[in-house]
Each structure stands twice: as C-alpha cells, then as structure tokens.
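Q: I'm passing along upload.csv; it holds CSV, C-alpha atoms.
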chain,number,residue,atom,x,y,z
A,1123,MET,CA,124.9,98.5,55.1
A,1124,ILE,CA,123.8,102.1,55.8
A,1125,LEU,CA,124.3,103.1,59.4
A,1126,ARG,CA,122.2,105.9,60.9
A,1127,GLU,CA,121.7,107.1,64.5
A,1128,ILE,CA,118.5,108.3,66.2
A,1129,VAL,CA,119.0,110.0,69.6
A,1130,LEU,CA,116.6,108.6,72.1
A,1131,LYS,CA,117.7,110.5,75.2
A,1132,GLU,CA,120.4,113.0,75.8
A,1133,THR,CA,121.5,114.6,79.1
A,1134,PRO,CA,124.8,115.9,80.4
A,1135,ARG,CA,125.3,112.5,82.1
A,1136,ARG,CA,124.4,110.2,79.3
A,1137,ARG,CA,123.4,109.9,75.6
A,1138,VAL,CA,121.4,107.0,74.4
A,1139,HIS,CA,120.9,106.4,70.7
A,1140,LEU,CA,119.5,103.8,68.4
A,1141,GLU,CA,121.7,102.5,65.5
A,1142,LEU,CA,119.9,101.5,62.3
A,1143,GLU,CA,121.4,99.5,59.5
A,1144,ASP,CA,119.4,99.8,56.2
A,1145,GLU,CA,116.7,101.5,58.2
A,1146,ARG,CA,116.3,98.5,60.6
A,1147,PRO,CA,117.0,99.1,64.3
A,1148,VAL,CA,119.8,96.8,65.4
A,1149,ARG,CA,121.6,98.3,68.5
A,1150,VAL,CA,121.0,100.7,71.3
A,1151,VAL,CA,124.1,102.5,72.5
A,1152,LYS,CA,124.4,104.3,75.9
A,1153,ARG,CA,127.4,106.7,76.1
A,1154,ILE,CA,128.4,107.9,79.5
A,1155,PRO,CA,131.1,110.6,79.7
A,1156,ALA,CA,133.6,109.8,82.4
A,1157,ALA,CA,136.2,112.4,83.3
A,1158,GLY,CA,138.2,113.0,86.5
A,1159,LEU,CA,137.4,111.3,89.8
A,1160,ALA,CA,133.7,111.1,89.1
A,1161,GLY,CA,134.6,109.3,85.9
A,1162,LEU,CA,136.1,106.5,87.9
A,1163,ARG,CA,132.8,105.9,89.6
A,1164,ALA,CA,130.9,106.2,86.4
A,1165,ARG,CA,133.1,103.6,84.7
A,1166,ARG,CA,132.7,101.2,87.7
A,1167,LEU,CA,128.9,101.6,87.7
A,1168,ALA,CA,128.6,101.2,83.9
A,1169,LYS,CA,130.6,98.0,84.0
A,1170,ARG,CA,128.4,96.7,86.9
A,1171,GLU,CA,125.3,97.6,84.8
A,1172,PHE,CA,126.7,95.6,81.9
A,1173,GLU,CA,127.5,92.6,84.1
A,1174,VAL,CA,124.1,92.6,85.7
A,1175,GLN,CA,122.4,92.7,82.3
A,1176,ARG,CA,124.7,90.0,81.0
A,1177,LYS,CA,123.9,87.7,83.9
A,1178,LEU,CA,120.2,88.3,83.6
A,1179,PHE,CA,120.2,87.6,79.9
A,1180,ALA,CA,122.2,84.4,80.5
A,1181,LEU,CA,119.6,83.3,83.1
A,1182,GLY,CA,116.8,83.8,80.5
A,1183,LEU,CA,115.2,86.9,81.9
A,1184,ALA,CA,113.5,89.1,79.3
A,1185,VAL,CA,116.2,91.8,78.9
A,1186,PRO,CA,117.9,92.9,75.7
A,1187,GLU,CA,121.1,91.0,74.8
A,1188,PRO,CA,124.1,93.0,76.0
A,1189,LEU,CA,126.7,93.1,73.3
A,1190,ALA,CA,129.7,95.2,74.6
A,1191,CYS,CA,131.0,97.5,77.3
A,1192,THR,CA,133.9,99.6,76.1
A,1193,THR,CA,135.9,102.0,78.2
A,1194,THR,CA,137.9,104.9,76.7
A,1195,ALA,CA,139.5,108.0,78.2
A,1196,ALA,CA,136.3,109.9,77.2
A,1197,GLY,CA,133.9,107.5,79.0
A,1198,VAL,CA,132.0,104.3,78.7
A,1199,GLU,CA,129.9,102.9,76.0
A,1200,LEU,CA,127.3,100.2,76.6
A,1201,VAL,CA,125.9,98.4,73.6
A,1202,GLN,CA,122.9,96.1,73.5
A,1203,ARG,CA,120.7,94.5,70.9
A,1204,CYS,CA,117.6,96.4,70.0
A,1205,VAL,CA,114.2,94.9,70.9
A,1206,ALA,CA,112.4,95.3,67.6
A,1207,ASP,CA,109.1,97.2,67.6
A,1208,ALA,CA,109.1,97.5,71.4
A,1209,ARG,CA,107.0,100.1,73.2
A,1210,GLU,CA,107.2,101.5,76.7
A,1211,LEU,CA,104.7,99.9,79.2
A,1212,ALA,CA,102.9,103.3,79.7
A,1213,ASP,CA,102.2,103.7,76.0
A,1214,VAL,CA,100.9,100.1,75.7
A,1215,LEU,CA,98.6,100.5,78.7
A,1216,ARG,CA,97.1,103.7,77.3
A,1217,ALA,CA,96.4,101.9,74.0
A,1218,GLU,CA,95.2,98.5,75.3
A,1219,ASP,CA,91.6,97.6,76.1
A,1220,ALA,CA,90.7,96.3,79.6
A,1221,PRO,CA,91.3,92.6,78.9
A,1222,GLY,CA,94.6,93.3,77.3
A,1223,ARG,CA,95.7,95.4,80.3
A,1224,GLU,CA,94.8,92.6,82.7
A,1225,ARG,CA,96.9,90.1,80.7
A,1226,LEU,CA,99.8,92.5,80.5
A,1227,ALA,CA,99.6,93.3,84.2
A,1228,ARG,CA,99.8,89.5,85.0
A,1229,ASP,CA,102.8,89.2,82.6
A,1230,VAL,CA,104.6,92.1,84.2
A,1231,GLY,CA,103.9,90.7,87.6
A,1232,ALA,CA,105.4,87.3,86.5
A,1233,LEU,CA,108.4,89.1,85.0
A,1234,LEU,CA,109.0,90.9,88.3
A,1235,GLY,CA,108.5,87.7,90.2
A,1236,ARG,CA,111.1,86.0,88.1
A,1237,ALA,CA,113.5,89.0,88.4
A,1238,HIS,CA,113.2,88.9,92.2
A,1239,ALA,CA,113.7,85.2,92.3
A,1240,LEU,CA,117.0,85.8,90.4
A,1241,GLY,CA,117.9,88.4,93.1
A,1242,LEU,CA,117.5,91.5,90.9
A,1243,ASP,CA,117.4,94.9,92.7
A,1244,HIS,CA,116.4,97.4,90.0
A,1245,PRO,CA,116.4,100.8,91.8
A,1246,ASP,CA,115.3,102.7,88.6
A,1247,LEU,CA,112.2,100.6,87.9
A,1248,HIS,CA,109.4,102.6,86.3
A,1249,GLU,CA,107.0,102.4,83.3
A,1250,LYS,CA,109.6,103.6,80.9
A,1251,ASN,CA,112.1,100.9,81.9
A,1252,VAL,CA,109.6,98.1,81.0
A,1253,LEU,CA,109.3,97.5,77.3
A,1254,VAL,CA,106.6,95.4,75.6
A,1255,ASP,CA,107.7,93.6,72.4
A,1256,GLU,CA,105.6,93.1,69.3
A,1257,ALA,CA,104.4,89.7,70.7
A,1258,GLY,CA,103.1,91.5,73.9
A,1259,LYS,CA,105.8,90.1,76.2
A,1260,PRO,CA,107.3,92.6,78.7
A,1261,GLY,CA,111.0,92.9,79.4
A,1262,LEU,CA,113.2,95.1,81.6
A,1263,ILE,CA,115.8,97.7,80.4
A,1264,ASP,CA,118.1,100.3,81.9
A,1265,PHE,CA,120.0,98.9,84.8
A,1266,PRO,CA,122.1,101.7,86.4
A,1267,GLY,CA,122.7,101.0,90.0
A,1268,ALA,CA,121.1,97.5,89.7
A,1269,ARG,CA,122.5,94.6,91.6
A,1270,THR,CA,121.9,90.9,91.9
A,1271,ALA,CA,121.9,89.2,95.2
A,1272,ARG,CA,121.2,85.7,96.3
A,1273,SER,CA,117.6,86.4,97.2
A,1274,ALA,CA,115.1,89.2,97.1
A,1275,GLY,CA,112.8,89.8,100.0
A,1276,PRO,CA,109.1,90.6,99.8
A,1277,GLU,CA,109.8,94.2,100.6
A,1278,ARG,CA,111.7,94.6,97.3
A,1279,ALA,CA,108.8,93.1,95.4
A,1280,ARG,CA,106.3,95.3,97.2
A,1281,ARG,CA,108.5,98.4,96.4
A,1282,ASP,CA,108.7,97.6,92.7
A,1283,LEU,CA,105.0,96.9,92.4
A,1284,VAL,CA,104.2,100.2,94.1
A,1285,GLN,CA,106.6,102.1,91.9
A,1286,LEU,CA,105.0,100.7,88.7
A,1287,ALA,CA,101.5,101.2,90.0
A,1288,ALA,CA,102.2,104.8,90.9
A,1289,ALA,CA,103.6,105.5,87.5
Translate this file's structure into structure tokens.
A:
Amino acid sequence: MILREIVLKETPRRRVHLELEDERPVRVVKRIPAAGLAGLRARRLAKREFEVQRKLFALGLAVPEPLACTTTAAGVELVQRCVADARELADVLRAEDAPGRERLARDVGALLGRAHALGLDHPDLHEKNVLVDEAGKPGLIDFPGARTARSAGPERARRDLVQLAAA
C-alpha cells in the first residue's frame, strides 16, 4: 500500500487533498485549521458539516460516504470516501452533447428535489459542488454551513435552481 496525496484546494481557511493508495483514489480529506476563539466556531461548523453528510448518506442521498471527523488542537479533519472518476458538473456540461445535457439536467433536478424533500439547506450549492460519477449520476459534495430541517419550502428549491443555472 503506497499512500500519496494530491492537493485539490488550498486556502488559509482549509486544505483539501485526495489520498491515493497504489495510485487509486480512496479518500478525500478536508483539513480546517482551528485556533483560538474562531477555532471553536470552526470545530462546531465542521462537526455539523460531518453530521449533515452522515445523515444524508444514511438516507440514501447521492453524497460521498463520510468516514471520520477528528478534532485536534490544530484543527479539524473531515474524511470521506472518494467518488471514483467523478467530474464537476460544469466540466461534464461543457463536454456533453445536447441530449446528454438534458438527461443530466433532469437527474440534477431530481437530486435537488430529493435533497429538499429530506430538508437539506445547502448554502454553498454551485456547479463545483455537484459531481457526476462515471455512470453519469449526479451527487452533492461540500456541506459547510449546511443544515437539515423537517421540510424545505419552494423558495429554497427556487434559490438552488437559480444558483446552478447562473453558474
């Protein structure tokens, strides 16, 4: 087992990397530094992000399987299973022909409808947070600030569709 990391995104507030074993992607790790008073808030939000994703996965929504949420003095680490050969929605739409885009748009709409039926409020929904797997099925990722409620109103569905369409 040879472990290697590929950095996917790095900012002062977070680092996201892909872990490969024997050159196969297996896990995505998000590290959030959390120091001082702001660190308490970061830890709380990261734990909530993990719990939302765990609940959605358990309910069968197309999200990566959450594996762990660990807290240390340095910060929080969120670990999830990698979605093999997934691409961002925007990349897929640029490459697809018109009939493929129509089918994918319907599938994304169905995914959002199911997410709203489960009460998901995903405040960071955009074309980079919708992945399309190798079978062409869309799924949601990246849940900072996300919440689940008992029901989602039509205004939330409208907001999400407008955000994705604008992107």
Q: What's around A:Pro1134 at 10 Å? Count all atoms listed in the file, leave out sequence neighbours fewer than 3 positions away in its own chain, and write the answer as a PyMOL selection string.
A: chain A and resi 1137+1154-1155
Q: One decimal, Å: what's the distance from atom CA of A:Asp1213 over to atom CA of A:Glu1145, could you say?
A: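 These atoms are spaced 23.1 Å apart.
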Q: Applying 12 Å and all atoms listed in the file, which residues near A:Val1198 remain after dropping the ones on its own chain fewer than 4 positions away? List them as a list in words.
A: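 Listing them by chain and then by number gives Arg1135, Arg1136, Arg1137, Val1138, Val1151, Lys1152, Arg1153, Ile1154, Pro1155, Ala1156, Ala1157, Gly1161, Leu1162, Arg1163, Ala1164, Arg1165, Arg1166, Leu1167, Ala1168, Lys1169, Arg1170, Glu1171, Phe1172, Ala1190, Cys1191, Thr1192, Thr1193 and Thr1194 of chain A.
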Q: How many Å separate atom CA of A:Lys1131 from atom CA of A:Leu1178?
A: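 Separation of atom CA of A:Lys1131 and atom CA of A:Leu1178: 23.9 Å.
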Q: How many Å lie between atom CA of A:Leu1240 and atom CA of A:Val1174, rounded to one decimal?
A: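 Value for the atom CA of A:Leu1240-atom CA of A:Val1174 distance: 10.9 Å.
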Q: Closest to A:Gln1175 among A:Glu1256, A:Leu1242, A:Leu1247, A:Val1150, using only C-alpha atoms?
A: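 Looking at the shortest contact to A:Gln1175, the residue is A:Leu1242.
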